[in-house]
Amino acid sequence: MFFCLFSTMDFLYTNFYKKGRKFFQEKKEYGISDTNSSNKENYVGIVEIPIIDVKVGFFSKENQLNSVEYGIEVIKNSKMPSEVGNLILASHSGTSSISYFKNIHRLKKGDYIYIYYKNIKHIYQVTLIYEEEKNGSISLPKVEQNSLLTLTTCKGDKQLILISEHVSFQMYE
């Protein structure tokens, strides 16, 4: 029922802190602001987590800015909300201006997360929260018939994982 997802999260997390000033210089060159308001036209979607007051755009998997170093990262094996599968989003949980998941530990089962994608507001409900050892991969449920949303971030020496099920959608413009 579970499979292993290999990501570059630990590498990026370590590199982020090692790069220090270089990161902020690159961020400035790309025109990314601390409020994540620049480059809106390049976002493919927006994640909104009302409980922790987060509403931030994310880039396509192929975009060079799709990285935890610049905000939210769509993990390469992800499926977008319009597809059967799992949309897997990662972000930092520290104190920097791009630590969008620093408070996801406050979410509880039953809380809602919204993904705005292709003029549809996808509504997800948190169903599972767990931690694993940080080792560069996480165990995720196998998805065969529906759409899941997974949020993941570091929590000390552990990896925090929140699984949400797609429960509804609304059209928007």
# chains A, B, ... in the order shown; residues from 1 in each chain; ligands from 1
>>> select_by_dssp(residues="stretch 36-116 of chain A", states="strand (DSSP E or B)", output="ChimeraX atom specification")
/A:45-49,54-58,73-74,85-90,112-116
>>> residues_around(residues="A:Tyr116", least_positions_apart="2", cutoff="10 Å", atoms="only C-alpha atoms", output="list in words")
Val44, Gly45, Ile46, Val47, Glu48, Gly57, Pro81, Tyr114, Lys118, Asn119, Ile120, Lys121, His122, Ile123, Phe169, Gln170, Met171 and Tyr172 of chain A
>>> write_last_selection(atoms="N, CA and C atoms", output="PDB file, in the first residue's frame")
ATOM      1  N   VAL A  44       1.706  27.954 -11.806  1.00  0.00           N
ATOM      2  CA  VAL A  44       0.702  27.063 -12.373  1.00  0.00           C
ATOM      3  C   VAL A  44      -0.434  26.850 -11.392  1.00  0.00           C
ATOM      4  N   GLY A  45      -0.186  27.147 -10.128  1.00  0.00           N
ATOM      5  CA  GLY A  45      -1.214  26.962  -9.120  1.00  0.00           C
ATOM      6  C   GLY A  45      -0.909  27.728  -7.857  1.00  0.00           C
ATOM      7  N   ILE A  46      -1.867  27.677  -6.961  1.00  0.00           N
ATOM      8  CA  ILE A  46      -1.726  28.327  -5.659  1.00  0.00           C
ATOM      9  C   ILE A  46      -2.170  27.332  -4.599  1.00  0.00           C
ATOM     10  N   VAL A  47      -1.416  27.260  -3.513  1.00  0.00           N
ATOM     11  CA  VAL A  47      -1.832  26.463  -2.357  1.00  0.00           C
ATOM     12  C   VAL A  47      -2.291  27.442  -1.279  1.00  0.00           C
ATOM     13  N   GLU A  48      -3.460  27.160  -0.715  1.00  0.00           N
ATOM     14  CA  GLU A  48      -3.992  27.978   0.370  1.00  0.00           C
ATOM     15  C   GLU A  48      -4.267  27.076   1.566  1.00  0.00           C
ATOM     16  N   GLY A  57       1.811  30.905  -4.394  1.00  0.00           N
ATOM     17  CA  GLY A  57       1.877  30.254  -5.695  1.00  0.00           C
ATOM     18  C   GLY A  57       3.000  29.235  -5.775  1.00  0.00           C
ATOM     19  N   PRO A  81      -3.717  18.212  -9.705  1.00  0.00           N
ATOM     20  CA  PRO A  81      -5.060  17.908  -9.182  1.00  0.00           C
ATOM     21  C   PRO A  81      -6.033  17.342 -10.206  1.00  0.00           C
ATOM     22  N   TYR A 114      -6.611  24.176   0.143  1.00  0.00           N
ATOM     23  CA  TYR A 114      -7.137  24.444  -1.194  1.00  0.00           C
ATOM     24  C   TYR A 114      -5.997  24.571  -2.194  1.00  0.00           C
ATOM     25  N   LYS A 118      -5.851  25.659 -12.838  1.00  0.00           N
ATOM     26  CA  LYS A 118      -6.624  25.695 -14.086  1.00  0.00           C
ATOM     27  C   LYS A 118      -8.089  26.085 -13.842  1.00  0.00           C
ATOM     28  N   ASN A 119      -8.289  27.210 -13.155  1.00  0.00           N
ATOM     29  CA  ASN A 119      -9.616  27.767 -12.890  1.00  0.00           C
ATOM     30  C   ASN A 119     -10.521  26.868 -12.055  1.00  0.00           C
ATOM     31  N   ILE A 120      -9.919  25.963 -11.297  1.00  0.00           N
ATOM     32  CA  ILE A 120     -10.683  25.118 -10.386  1.00  0.00           C
ATOM     33  C   ILE A 120     -10.056  25.209  -8.999  1.00  0.00           C
ATOM     34  N   LYS A 121     -10.903  25.433  -8.012  1.00  0.00           N
ATOM     35  CA  LYS A 121     -10.466  25.402  -6.614  1.00  0.00           C
ATOM     36  C   LYS A 121     -10.692  23.976  -6.124  1.00  0.00           C
ATOM     37  N   HIS A 122      -9.588  23.242  -5.934  1.00  0.00           N
ATOM     38  CA  HIS A 122      -9.647  21.856  -5.452  1.00  0.00           C
ATOM     39  C   HIS A 122      -9.616  21.884  -3.935  1.00  0.00           C
ATOM     40  N   ILE A 123     -10.567  21.215  -3.317  1.00  0.00           N
ATOM     41  CA  ILE A 123     -10.690  21.220  -1.861  1.00  0.00           C
ATOM     42  C   ILE A 123     -10.229  19.867  -1.333  1.00  0.00           C
ATOM     43  N   PHE A 169     -14.666  20.333  -5.435  1.00  0.00           N
ATOM     44  CA  PHE A 169     -14.044  21.392  -6.231  1.00  0.00           C
ATOM     45  C   PHE A 169     -15.075  22.445  -6.559  1.00  0.00           C
ATOM     46  N   GLN A 170     -14.571  23.637  -6.899  1.00  0.00           N
ATOM     47  CA  GLN A 170     -15.417  24.750  -7.302  1.00  0.00           C
ATOM     48  C   GLN A 170     -14.741  25.447  -8.471  1.00  0.00           C
ATOM     49  N   MET A 171     -15.527  25.892  -9.433  1.00  0.00           N
ATOM     50  CA  MET A 171     -14.991  26.677 -10.532  1.00  0.00           C
ATOM     51  C   MET A 171     -14.731  28.089 -10.044  1.00  0.00           C
ATOM     52  N   TYR A 172     -13.690  28.734 -10.562  1.00  0.00           N
ATOM     53  CA  TYR A 172     -13.418  30.144 -10.254  1.00  0.00           C
ATOM     54  C   TYR A 172     -12.766  30.774 -11.464  1.00  0.00           C
TER      55      TYR A 172
END
>>> closest_residue(among="A:Ile115, A:Val56, A:Ile88, A:Leu128", to="A:Thr150", atoms="only C-alpha atoms")
A:Ile88
>>> atom_distance(atom1="atom CA of A:Ser164", atom2="atom CA of A:Leu107")
11.0 Å
>>> closest_residue(among="A:Tyr130, A:Phe59, A:Tyr117, A:Tyr43", to="A:His105", atoms="only C-alpha atoms")
A:Tyr130
>>> residues_around(residues="stretch 155-160 of chain A", least_positions_apart="4", cutoff="12 Å", atoms="only C-alpha atoms", output="PyMOL selection string")
chain A and resi 9-10+13+89-94+99+101-107+128-140+150-151
>>> atom_distance(atom1="atom CA of A:Tyr70", atom2="atom CA of A:Val84")
27.0 Å
>>> closest_residue(among="A:Pro141, A:Gln125, A:Tyr112, A:Asn146", to="A:Ile49", atoms="only C-alpha atoms")
A:Tyr112
>>> atom_distance(atom1="atom CA of A:Pro50", atom2="atom CA of A:Gln145")
26.9 Å
>>> closest_residue(among="A:Ile113, A:Cys154, A:Val143, A:Val167", to="A:Glu83", atoms="only C-alpha atoms")
A:Val143
>>> decode(residues="stretch 84-101 of chain A", atoms="N, CA, C and O atoms", output="mmCIF file, in the first residue's frame")
data_model
loop_
_atom_site.group_PDB
_atom_site.id
_atom_site.type_symbol
_atom_site.label_atom_id
_atom_site.label_comp_id
_atom_site.auth_asym_id
_atom_site.auth_seq_id
_atom_site.Cartn_x
_atom_site.Cartn_y
_atom_site.Cartn_z
ATOM 1 N N VAL A 84 -5.411 11.573 -11.625
ATOM 2 C CA VAL A 84 -5.431 10.611 -10.525
ATOM 3 C C VAL A 84 -4.001 10.477 -10.025
ATOM 4 O O VAL A 84 -3.071 10.297 -10.808
ATOM 5 N N GLY A 85 -3.818 10.617 -8.745
ATOM 6 C CA GLY A 85 -2.478 10.505 -8.180
ATOM 7 C C GLY A 85 -2.295 11.427 -6.997
ATOM 8 O O GLY A 85 -3.259 11.837 -6.349
ATOM 9 N N ASN A 86 -1.049 11.771 -6.732
ATOM 10 C CA ASN A 86 -0.685 12.500 -5.530
ATOM 11 C C ASN A 86 0.110 13.753 -5.897
ATOM 12 O O ASN A 86 1.193 13.658 -6.482
ATOM 13 N N LEU A 87 -0.420 14.907 -5.554
ATOM 14 C CA LEU A 87 0.311 16.167 -5.698
ATOM 15 C C LEU A 87 1.138 16.323 -4.427
ATOM 16 O O LEU A 87 0.583 16.420 -3.334
ATOM 17 N N ILE A 88 2.449 16.332 -4.559
ATOM 18 C CA ILE A 88 3.351 16.363 -3.409
ATOM 19 C C ILE A 88 4.077 17.700 -3.400
ATOM 20 O O ILE A 88 4.809 18.025 -4.339
ATOM 21 N N LEU A 89 3.839 18.475 -2.336
ATOM 22 C CA LEU A 89 4.433 19.802 -2.198
ATOM 23 C C LEU A 89 5.351 19.826 -0.989
ATOM 24 O O LEU A 89 4.990 19.336 0.085
ATOM 25 N N ALA A 90 6.524 20.426 -1.173
ATOM 26 C CA ALA A 90 7.502 20.548 -0.092
ATOM 27 C C ALA A 90 7.881 22.009 0.075
ATOM 28 O O ALA A 90 7.915 22.773 -0.897
ATOM 29 N N SER A 91 8.167 22.393 1.304
ATOM 30 C CA SER A 91 8.661 23.732 1.589
ATOM 31 C C SER A 91 9.402 23.698 2.911
ATOM 32 O O SER A 91 9.283 22.740 3.680
ATOM 33 N N HIS A 92 10.159 24.758 3.169
ATOM 34 C CA HIS A 92 10.917 24.845 4.414
ATOM 35 C C HIS A 92 9.996 25.109 5.598
ATOM 36 O O HIS A 92 8.896 25.622 5.453
ATOM 37 N N SER A 93 10.506 24.770 6.774
ATOM 38 C CA SER A 93 9.757 24.995 8.009
ATOM 39 C C SER A 93 10.539 25.857 8.993
ATOM 40 O O SER A 93 10.174 25.940 10.148
ATOM 41 N N GLY A 94 11.582 26.492 8.549
ATOM 42 C CA GLY A 94 12.426 27.308 9.434
ATOM 43 C C GLY A 94 11.875 28.702 9.642
ATOM 44 O O GLY A 94 10.664 28.912 9.684
ATOM 45 N N THR A 95 12.782 29.656 9.722
ATOM 46 C CA THR A 95 12.383 31.033 10.016
ATOM 47 C C THR A 95 12.602 31.988 8.843
ATOM 48 O O THR A 95 12.347 33.170 8.977
ATOM 49 N N SER A 96 13.042 31.487 7.705
ATOM 50 C CA SER A 96 13.290 32.372 6.567
ATOM 51 C C SER A 96 11.974 32.827 5.943
ATOM 52 O O SER A 96 10.905 32.290 6.232
ATOM 53 N N SER A 97 12.078 33.786 5.052
ATOM 54 C CA SER A 97 10.887 34.340 4.400
ATOM 55 C C SER A 97 10.216 33.342 3.459
ATOM 56 O O SER A 97 9.082 33.560 3.044
ATOM 57 N N ILE A 98 10.886 32.258 3.112
ATOM 58 C CA ILE A 98 10.297 31.257 2.220
ATOM 59 C C ILE A 98 9.926 29.976 2.966
ATOM 60 O O ILE A 98 9.698 28.955 2.353
ATOM 61 N N SER A 99 9.845 30.032 4.270
ATOM 62 C CA SER A 99 9.465 28.866 5.079
ATOM 63 C C SER A 99 7.939 28.806 5.191
ATOM 64 O O SER A 99 7.361 29.006 6.253
ATOM 65 N N TYR A 100 7.295 28.508 4.079
ATOM 66 C CA TYR A 100 5.841 28.540 4.024
ATOM 67 C C TYR A 100 5.180 27.429 4.825
ATOM 68 O O TYR A 100 4.019 27.532 5.192
ATOM 69 N N PHE A 101 5.918 26.348 5.102
ATOM 70 C CA PHE A 101 5.338 25.229 5.851
ATOM 71 C C PHE A 101 5.789 25.211 7.306
ATOM 72 O O PHE A 101 5.681 24.201 7.982
#
